[in-house]
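Take a look at the structure set out below.
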Amino acid sequence: MTTVTPPDRDRTATRLLRSSAEHSYDPEVEIDWEAPFAEGKYFVPPHRSSLYGTALWDRLTEEQRIELTKHEVASIAGLGVWFETILMQLLVREYFKQDPTAPHAQYALTEIGDECRHSVMFGRMIARLGTPVYQPDGFNQWLGKWIGHTGTGPRMYAAILIAEEILDTLQREAMACEDVQPLVRMVSRIHVVEEARHVRYAREELARQIRSAGRGRLAFDKLVIGRAAYLTGTRLIDPRVYRAIGIDPEEGRRAARANPYHRETMRWAGERVVEFLRDLDLIGGPGVPLWRASGLLGTPKS
């Protein structure tokens, strides 16, 4: 049975389709993938490195600090690809129920095309960095598969928004930072421009879904959303990155979690999406401890 699209959805989708036609980029053309890295430049703004300001950071050489940020940006990109793959599955499943002549359905396909390019772009950047591919594993990997196969309604859009908006906040700063490698700045710029459309689409759709969701449904969705926040907050920087500079992953994880600079970075990165989800009353119930442990509401020391 084909879903009838509300008029306001189609008005937004029509504007987003027009913007997509005017402001889309091909990373294969826009980025010089063979250019050498700039000497002495970081891969994330140095004050956003998870160990910045710690005793471990003070012991590192400048080369080690730069190397750490290389692995940190690879971790961020790896999580981005992981979430984008889930999002594409969700959008295809939603499209299957839509009227293919409706602008809302057509924009969903357009966004899938954007996400395909973004995933290729992030994948190429990771390959160019020469780092491992850092992505969730174990239970988190299972959780991602479960959301990809079953996610609908508020939990679908909120879970994706958390990852999209945190990444967007980090990249907006990185693309303007002259201390950051040109490759990372260009990747960030392309993603920020195109992701702005995706965020608007998801925010408006989430607000519509809330209006039609029942109380019982929302209680469960809040728990799933809290778990997505926990995954994003604790795996944005995969602890395995610390091996690249000779630090035990668990020691590095503890230092980052206790680091007031990193705690502030996580709070700052999540501020916009946390405010939006709070306004929709989607942060509450049994999901609250997961939000607190994520660091996005302010990281506890542990």
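We label chains A, B, ... in the order they appear in the structure tokens, count residues from 1 in each chain, and number ligands from 1 in the order shown.
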DSSP helix (DSSP H, G or I) selection over segment 129-295 of chain A, as an MDAnalysis selection string: chainID A and resid 129 138:150 153:175 182:212 215:235 239:245 249:258 260:279 285:294
So that each row is one residue of segment 71-126 of chain A with an atom at most 9 Å from segment 156-160 of chain A, can you give its shortest atom pair and the distance in Å to one decimal, using only C-alpha atoms, rows by chain and rising number, as JSON lines?
{"residue": "A:Phe83", "atom": "CA", "partner": "A:Ile160", "partner_atom": "CA", "distance": 6.9}
{"residue": "A:Glu84", "atom": "CA", "partner": "A:Ile160", "partner_atom": "CA", "distance": 8.2}
{"residue": "A:Ile86", "atom": "CA", "partner": "A:Ile160", "partner_atom": "CA", "distance": 8.4}
{"residue": "A:Leu87", "atom": "CA", "partner": "A:Ile160", "partner_atom": "CA", "distance": 6.7}
{"residue": "A:Leu90", "atom": "CA", "partner": "A:Met156", "partner_atom": "CA", "distance": 7.5}
Restricted to C-alpha atoms, what would the selected residues look like written as a PDB file, in the first residue's frame?
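Wrote it out as result_3.pdb, contents follow:
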ATOM      1  CA  PHE A  83      25.817   5.432  10.135  1.00  0.00           C
ATOM      2  CA  GLU A  84      25.372   6.480   6.515  1.00  0.00           C
ATOM      3  CA  ILE A  86      22.343   2.338   8.072  1.00  0.00           C
ATOM      4  CA  LEU A  87      20.595   5.514   6.890  1.00  0.00           C
ATOM      5  CA  LEU A  90      16.275   2.986   6.271  1.00  0.00           C
TER       6      LEU A  90
END
Could you give me, as CSV, a per-residue list for segment 61-96 of chain A showing, wherever an atom lies at most 12 Å from an atom of segment 175-187 of chain A, the closest pair of atoms and their distance in Å to one decimal, using only C-alpha atoms and sorting by chain then residue number from low to high?
residue,atom,partner,partner_atom,distance
A:Ile66,CA,A:Val180,CA,9.9
A:Thr69,CA,A:Val180,CA,9.7
A:Lys70,CA,A:Gln181,CA,9.6
A:Glu72,CA,A:Val184,CA,11.8
A:Val73,CA,A:Val184,CA,8.3
A:Ala74,CA,A:Val184,CA,10.1
A:Ile76,CA,A:Val184,CA,11.5
A:Ala77,CA,A:Val187,CA,10.1
Do a neighbour search on segment 9-16 of chain A at 8 Å with only C-alpha atoms, toss out local chain neighbours closer than 3 positions, and write the hits as a list in words.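 These residues fall inside the cut-off: Thr5, Pro6, Ser19, Ser20, Ala102, Pro103, His104, Gln106, Tyr107, Arg197, Tyr201 and Glu205 of chain A.
Here atom CA of His47 of chain A is placed at a distance of 11.0 Å from atom CA of Ala174 of chain A.
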Neighbouring residues of Asp114 of chain A were defined as those with any atom within 12 Å, considering only C-alpha atoms; residues of the same chain fewer than 5 positions away were excluded. Please report them as an MDAnalysis selection string. chainID A and resid 17 20:21 23:27 84:85 87:88 107:109 119:121 190:198
N, CA, C and O atoms of the current selection, written as an mmCIF file, in the first residue's frame:
data_model
loop_
_atom_site.group_PDB
_atom_site.id
_atom_site.type_symbol
_atom_site.label_atom_id
_atom_site.label_comp_id
_atom_site.auth_asym_id
_atom_site.auth_seq_id
_atom_site.Cartn_x
_atom_site.Cartn_y
_atom_site.Cartn_z
ATOM 1 N N LEU A 17 15.090 19.302 -3.315
ATOM 2 C CA LEU A 17 15.467 18.775 -4.632
ATOM 3 C C LEU A 17 16.127 19.861 -5.478
ATOM 4 O O LEU A 17 17.116 19.609 -6.179
ATOM 5 N N SER A 20 19.566 20.459 -4.132
ATOM 6 C CA SER A 20 20.450 19.352 -4.506
ATOM 7 C C SER A 20 20.965 19.505 -5.923
ATOM 8 O O SER A 20 22.130 19.217 -6.212
ATOM 9 N N ALA A 21 20.081 19.963 -6.820
ATOM 10 C CA ALA A 21 20.488 20.147 -8.212
ATOM 11 C C ALA A 21 21.511 21.267 -8.352
ATOM 12 O O ALA A 21 22.402 21.214 -9.207
ATOM 13 N N HIS A 23 23.555 22.532 -5.702
ATOM 14 C CA HIS A 23 24.689 22.512 -4.774
ATOM 15 C C HIS A 23 25.075 21.089 -4.386
ATOM 16 O O HIS A 23 25.030 20.714 -3.214
ATOM 17 N N SER A 24 25.459 20.306 -5.358
ATOM 18 C CA SER A 24 25.969 18.959 -5.105
ATOM 19 C C SER A 24 27.357 18.843 -5.715
ATOM 20 O O SER A 24 27.671 19.514 -6.707
ATOM 21 N N TYR A 25 28.188 17.986 -5.113
ATOM 22 C CA TYR A 25 29.588 17.902 -5.516
ATOM 23 C C TYR A 25 29.996 16.453 -5.762
ATOM 24 O O TYR A 25 29.489 15.535 -5.123
ATOM 25 N N ASP A 26 30.914 16.288 -6.678
ATOM 26 C CA ASP A 26 31.484 14.973 -6.945
ATOM 27 C C ASP A 26 32.895 14.948 -6.358
ATOM 28 O O ASP A 26 33.798 15.599 -6.878
ATOM 29 N N PRO A 27 33.094 14.220 -5.259
ATOM 30 C CA PRO A 27 34.418 14.199 -4.623
ATOM 31 C C PRO A 27 35.524 13.718 -5.548
ATOM 32 O O PRO A 27 36.690 14.096 -5.366
ATOM 33 N N GLU A 84 25.950 6.191 7.824
ATOM 34 C CA GLU A 84 25.372 6.480 6.515
ATOM 35 C C GLU A 84 24.862 5.211 5.838
ATOM 36 O O GLU A 84 23.842 5.230 5.139
ATOM 37 N N THR A 85 25.551 4.100 6.043
ATOM 38 C CA THR A 85 25.096 2.831 5.485
ATOM 39 C C THR A 85 23.754 2.427 6.098
ATOM 40 O O THR A 85 22.849 1.958 5.394
ATOM 41 N N LEU A 87 21.574 4.548 7.386
ATOM 42 C CA LEU A 87 20.595 5.514 6.890
ATOM 43 C C LEU A 87 20.110 5.133 5.496
ATOM 44 O O LEU A 87 18.899 5.209 5.210
ATOM 45 N N MET A 88 21.013 4.709 4.628
ATOM 46 C CA MET A 88 20.596 4.336 3.277
ATOM 47 C C MET A 88 19.618 3.167 3.303
ATOM 48 O O MET A 88 18.636 3.135 2.549
ATOM 49 N N TYR A 107 13.048 12.929 -3.080
ATOM 50 C CA TYR A 107 14.170 13.471 -2.312
ATOM 51 C C TYR A 107 14.853 12.382 -1.501
ATOM 52 O O TYR A 107 16.078 12.410 -1.319
ATOM 53 N N ALA A 108 14.075 11.418 -1.016
ATOM 54 C CA ALA A 108 14.696 10.308 -0.281
ATOM 55 C C ALA A 108 15.727 9.604 -1.155
ATOM 56 O O ALA A 108 16.837 9.283 -0.707
ATOM 57 N N LEU A 109 15.387 9.381 -2.423
ATOM 58 C CA LEU A 109 16.347 8.755 -3.342
ATOM 59 C C LEU A 109 17.536 9.673 -3.594
ATOM 60 O O LEU A 109 18.679 9.210 -3.705
ATOM 61 N N SER A 119 29.903 8.217 1.431
ATOM 62 C CA SER A 119 30.556 7.005 1.931
ATOM 63 C C SER A 119 31.794 6.677 1.105
ATOM 64 O O SER A 119 32.821 6.253 1.647
ATOM 65 N N VAL A 120 31.702 6.873 -0.207
ATOM 66 C CA VAL A 120 32.882 6.674 -1.057
ATOM 67 C C VAL A 120 33.962 7.685 -0.678
ATOM 68 O O VAL A 120 35.154 7.349 -0.566
ATOM 69 N N MET A 121 33.560 8.940 -0.455
ATOM 70 C CA MET A 121 34.516 9.995 -0.098
ATOM 71 C C MET A 121 35.216 9.678 1.223
ATOM 72 O O MET A 121 36.449 9.778 1.328
ATOM 73 N N ILE A 190 32.601 19.704 1.700
ATOM 74 C CA ILE A 190 31.611 19.040 0.848
ATOM 75 C C ILE A 190 30.516 18.407 1.699
ATOM 76 O O ILE A 190 29.320 18.544 1.416
ATOM 77 N N HIS A 191 30.920 17.733 2.768
ATOM 78 C CA HIS A 191 29.940 17.046 3.608
ATOM 79 C C HIS A 191 29.020 18.032 4.308
ATOM 80 O O HIS A 191 27.801 17.806 4.398
ATOM 81 N N VAL A 192 29.554 19.147 4.788
ATOM 82 C CA VAL A 192 28.751 20.140 5.485
ATOM 83 C C VAL A 192 27.681 20.722 4.558
ATOM 84 O O VAL A 192 26.511 20.849 4.936
ATOM 85 N N VAL A 193 28.066 21.089 3.338
ATOM 86 C CA VAL A 193 27.113 21.701 2.401
ATOM 87 C C VAL A 193 25.963 20.751 2.097
ATOM 88 O O VAL A 193 24.785 21.139 2.128
ATOM 89 N N GLU A 194 26.283 19.503 1.824
ATOM 90 C CA GLU A 194 25.235 18.564 1.428
ATOM 91 C C GLU A 194 24.464 18.027 2.630
ATOM 92 O O GLU A 194 23.262 17.737 2.534
ATOM 93 N N GLU A 195 25.132 17.917 3.762
ATOM 94 C CA GLU A 195 24.472 17.372 4.946
ATOM 95 C C GLU A 195 23.451 18.343 5.518
ATOM 96 O O GLU A 195 22.508 17.919 6.206
ATOM 97 N N ALA A 196 23.587 19.627 5.230
ATOM 98 C CA ALA A 196 22.610 20.599 5.723
ATOM 99 C C ALA A 196 21.211 20.256 5.223
ATOM 100 O O ALA A 196 20.220 20.409 5.946
ATOM 101 N N ARG A 197 21.119 19.773 3.992
ATOM 102 C CA ARG A 197 19.811 19.360 3.455
ATOM 103 C C ARG A 197 19.282 18.139 4.189
ATOM 104 O O ARG A 197 18.094 18.044 4.503
ATOM 105 N N HIS A 198 20.169 17.192 4.461
ATOM 106 C CA HIS A 198 19.752 15.960 5.125
ATOM 107 C C HIS A 198 19.239 16.243 6.533
ATOM 108 O O HIS A 198 18.261 15.639 6.986
#
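Distances from A:Leu56, A:Ala219, A:Ile147, A:Ala38 to Gly285 of chain A were compared using only C-alpha atoms, and the smallest one belongs to A:Ala219.
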At a cut-off of 9 Å, using only C-alpha atoms, what residues contact Arg65 of chain A? Leave out same-chain residues fewer than 4 positions from it and give the result as a list of chain:residue names. A:Tyr42, A:Pro46, A:Ser49, A:Tyr52, A:Trp57, A:Leu60, A:Thr61, A:Thr69, A:Lys70, A:Ile245
Which neighbours of Thr265 of chain A fall inside 10 Å, counting only C-alpha atoms, when residues of the same chain fewer than 3 positions from it are skipped, and could you give them as a list of chain:residue names?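 Returned residues: A:His47, A:Arg48, A:Ser49, A:Ser50, A:Leu170, A:Asn259, A:Pro260, A:Tyr261, A:His262, A:Trp268, A:Ala269, A:Gly270, A:Glu271, A:Gly295, A:Leu296, A:Gly298, A:Thr299.
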Those residues you just picked out, can you put them in a file as a compact mmCIF listing (two decimals), in the first residue's frame with all heavy atoms?
# COMPACT_ATOMS: atom_id res chain seq x y z
N HIS A 47 43.10 21.25 19.45
CA HIS A 47 42.39 21.35 20.72
C HIS A 47 41.17 20.43 20.77
O HIS A 47 40.56 20.28 21.84
CB HIS A 47 41.97 22.80 20.98
CG HIS A 47 40.95 23.33 20.04
ND1 HIS A 47 41.24 23.70 18.74
CD2 HIS A 47 39.62 23.55 20.20
CE1 HIS A 47 40.14 24.13 18.14
NE2 HIS A 47 39.15 24.04 19.00
N ARG A 48 40.83 19.79 19.63
CA ARG A 48 39.74 18.82 19.62
C ARG A 48 40.24 17.38 19.73
O ARG A 48 39.45 16.45 19.76
CB ARG A 48 38.90 18.96 18.35
CG ARG A 48 38.20 20.30 18.20
CD ARG A 48 37.24 20.57 19.32
NE ARG A 48 36.61 21.87 19.17
CZ ARG A 48 35.92 22.49 20.14
NH1 ARG A 48 35.80 21.92 21.32
NH2 ARG A 48 35.38 23.66 19.93
N SER A 49 41.54 17.19 19.76
CA SER A 49 42.07 15.84 19.97
C SER A 49 41.63 15.34 21.34
O SER A 49 41.61 16.10 22.32
CB SER A 49 43.59 15.82 19.87
OG SER A 49 44.09 14.52 20.16
N SER A 50 41.31 14.07 21.43
CA SER A 50 40.77 13.52 22.67
C SER A 50 41.75 13.58 23.84
O SER A 50 41.35 13.59 25.00
CB SER A 50 40.32 12.08 22.46
OG SER A 50 41.43 11.26 22.06
N LEU A 170 31.51 19.19 14.18
CA LEU A 170 32.96 19.02 14.14
C LEU A 170 33.54 19.47 12.81
O LEU A 170 34.60 20.11 12.75
CB LEU A 170 33.31 17.56 14.41
CG LEU A 170 33.02 17.03 15.81
CD1 LEU A 170 33.13 15.51 15.85
CD2 LEU A 170 33.95 17.66 16.84
N ASN A 259 39.33 13.71 30.63
CA ASN A 259 39.92 14.94 30.12
C ASN A 259 38.85 16.05 30.00
O ASN A 259 37.92 15.92 29.22
CB ASN A 259 40.54 14.68 28.74
CG ASN A 259 41.20 15.90 28.15
OD1 ASN A 259 41.34 16.94 28.81
ND2 ASN A 259 41.61 15.79 26.90
N PRO A 260 38.96 17.13 30.77
CA PRO A 260 37.92 18.18 30.70
C PRO A 260 37.82 18.82 29.32
O PRO A 260 36.73 19.25 28.92
CB PRO A 260 38.37 19.21 31.75
CG PRO A 260 39.82 18.90 32.01
CD PRO A 260 39.99 17.44 31.78
N TYR A 261 38.91 18.88 28.57
CA TYR A 261 38.85 19.43 27.22
C TYR A 261 38.03 18.53 26.30
O TYR A 261 37.19 19.01 25.52
CB TYR A 261 40.26 19.60 26.64
CG TYR A 261 41.09 20.65 27.34
CD1 TYR A 261 42.05 20.29 28.30
CD2 TYR A 261 40.92 22.00 27.05
CE1 TYR A 261 42.81 21.26 28.94
CE2 TYR A 261 41.68 22.97 27.70
CZ TYR A 261 42.62 22.59 28.64
OH TYR A 261 43.37 23.54 29.28
N HIS A 262 38.24 17.23 26.41
CA HIS A 262 37.48 16.30 25.57
C HIS A 262 36.02 16.26 26.01
O HIS A 262 35.11 16.18 25.16
CB HIS A 262 38.09 14.90 25.63
CG HIS A 262 37.42 13.92 24.72
ND1 HIS A 262 37.30 14.11 23.36
CD2 HIS A 262 36.81 12.72 24.99
CE1 HIS A 262 36.66 13.09 22.82
NE2 HIS A 262 36.34 12.25 23.79
N TRP A 268 29.91 20.18 23.49
CA TRP A 268 29.75 21.19 22.44
C TRP A 268 29.26 20.57 21.13
O TRP A 268 28.36 21.10 20.48
CB TRP A 268 31.10 21.89 22.24
CG TRP A 268 31.24 22.65 20.97
CD1 TRP A 268 30.72 23.87 20.68
CD2 TRP A 268 31.97 22.22 19.80
NE1 TRP A 268 31.07 24.25 19.39
CE2 TRP A 268 31.84 23.26 18.85
CE3 TRP A 268 32.72 21.09 19.49
CZ2 TRP A 268 32.44 23.17 17.59
CZ3 TRP A 268 33.30 21.00 18.24
CH2 TRP A 268 33.16 22.03 17.30
N ALA A 269 29.84 19.43 20.76
CA ALA A 269 29.45 18.79 19.50
C ALA A 269 28.00 18.32 19.52
O ALA A 269 27.31 18.33 18.50
CB ALA A 269 30.38 17.61 19.21
N GLY A 270 27.52 17.92 20.70
CA GLY A 270 26.15 17.43 20.80
C GLY A 270 25.12 18.47 21.16
O GLY A 270 23.92 18.19 21.16
N GLU A 271 25.56 19.68 21.45
CA GLU A 271 24.67 20.71 22.00
C GLU A 271 23.45 20.96 21.12
O GLU A 271 22.31 21.02 21.61
CB GLU A 271 25.47 22.00 22.19
CG GLU A 271 24.73 23.10 22.91
CD GLU A 271 25.64 24.28 23.19
OE1 GLU A 271 26.47 24.63 22.32
OE2 GLU A 271 25.54 24.85 24.29
N GLY A 295 28.41 11.19 27.21
CA GLY A 295 29.23 12.40 27.25
C GLY A 295 28.58 13.58 26.54
O GLY A 295 29.10 14.70 26.61
N LEU A 296 27.47 13.37 25.87
CA LEU A 296 26.85 14.44 25.10
C LEU A 296 26.06 15.40 25.98
O LEU A 296 25.74 16.51 25.56
CB LEU A 296 25.94 13.83 24.02
CG LEU A 296 26.66 12.92 23.03
CD1 LEU A 296 25.66 12.26 22.09
CD2 LEU A 296 27.73 13.67 22.25
N GLY A 298 27.45 16.04 28.96
CA GLY A 298 28.51 16.33 29.93
C GLY A 298 29.04 15.00 30.43
O GLY A 298 28.32 14.21 31.01
N THR A 299 30.32 14.73 30.16
CA THR A 299 30.87 13.40 30.40
C THR A 299 31.23 13.15 31.86
O THR A 299 31.95 13.95 32.45
CB THR A 299 32.14 13.20 29.56
OG1 THR A 299 31.84 13.51 28.21
CG2 THR A 299 32.64 11.78 29.65
Write out as a PyMOL selection string which residues come within 12 Å of Arg235 of chain A when counting only C-alpha atoms, dropping same-chain ones fewer than 2 positions away. chain A and resi 50+72+74-80+82-83+134-137+140-141+163+227-233+237-241+253+256-257+266+293-295
Nearest to Gln64 of chain A among A:Trp142, A:Pro45, A:Gly246, A:Thr110, with distances taken over only C-alpha atoms: which residue is it?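 Looking only at the distances to Gln64 of chain A, the closest residue turns out to be A:Gly246.
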Please report the interatomic distance between atom CA of Arg243 of chain A and atom CA of Gln171 of chain A in Å with one decimal.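 Interatomic distance, atom CA of Arg243 of chain A to atom CA of Gln171 of chain A: 24.4 Å.
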Can you work out which one of A:Arg59, A:His149, A:His118, A:Arg128 has the shortest atom-to-atom distance to His71 of chain A, counting only C-alpha atoms? A:Arg128
Atom-to-atom span, atom CA of Leu297 of chain A and atom CA of Leu161 of chain A, Å: 15.8 Å
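Distances from A:Val133, A:Leu167, A:Leu282, A:Leu223 to Val199 of chain A were compared using only C-alpha atoms, and the smallest one belongs to A:Leu167.
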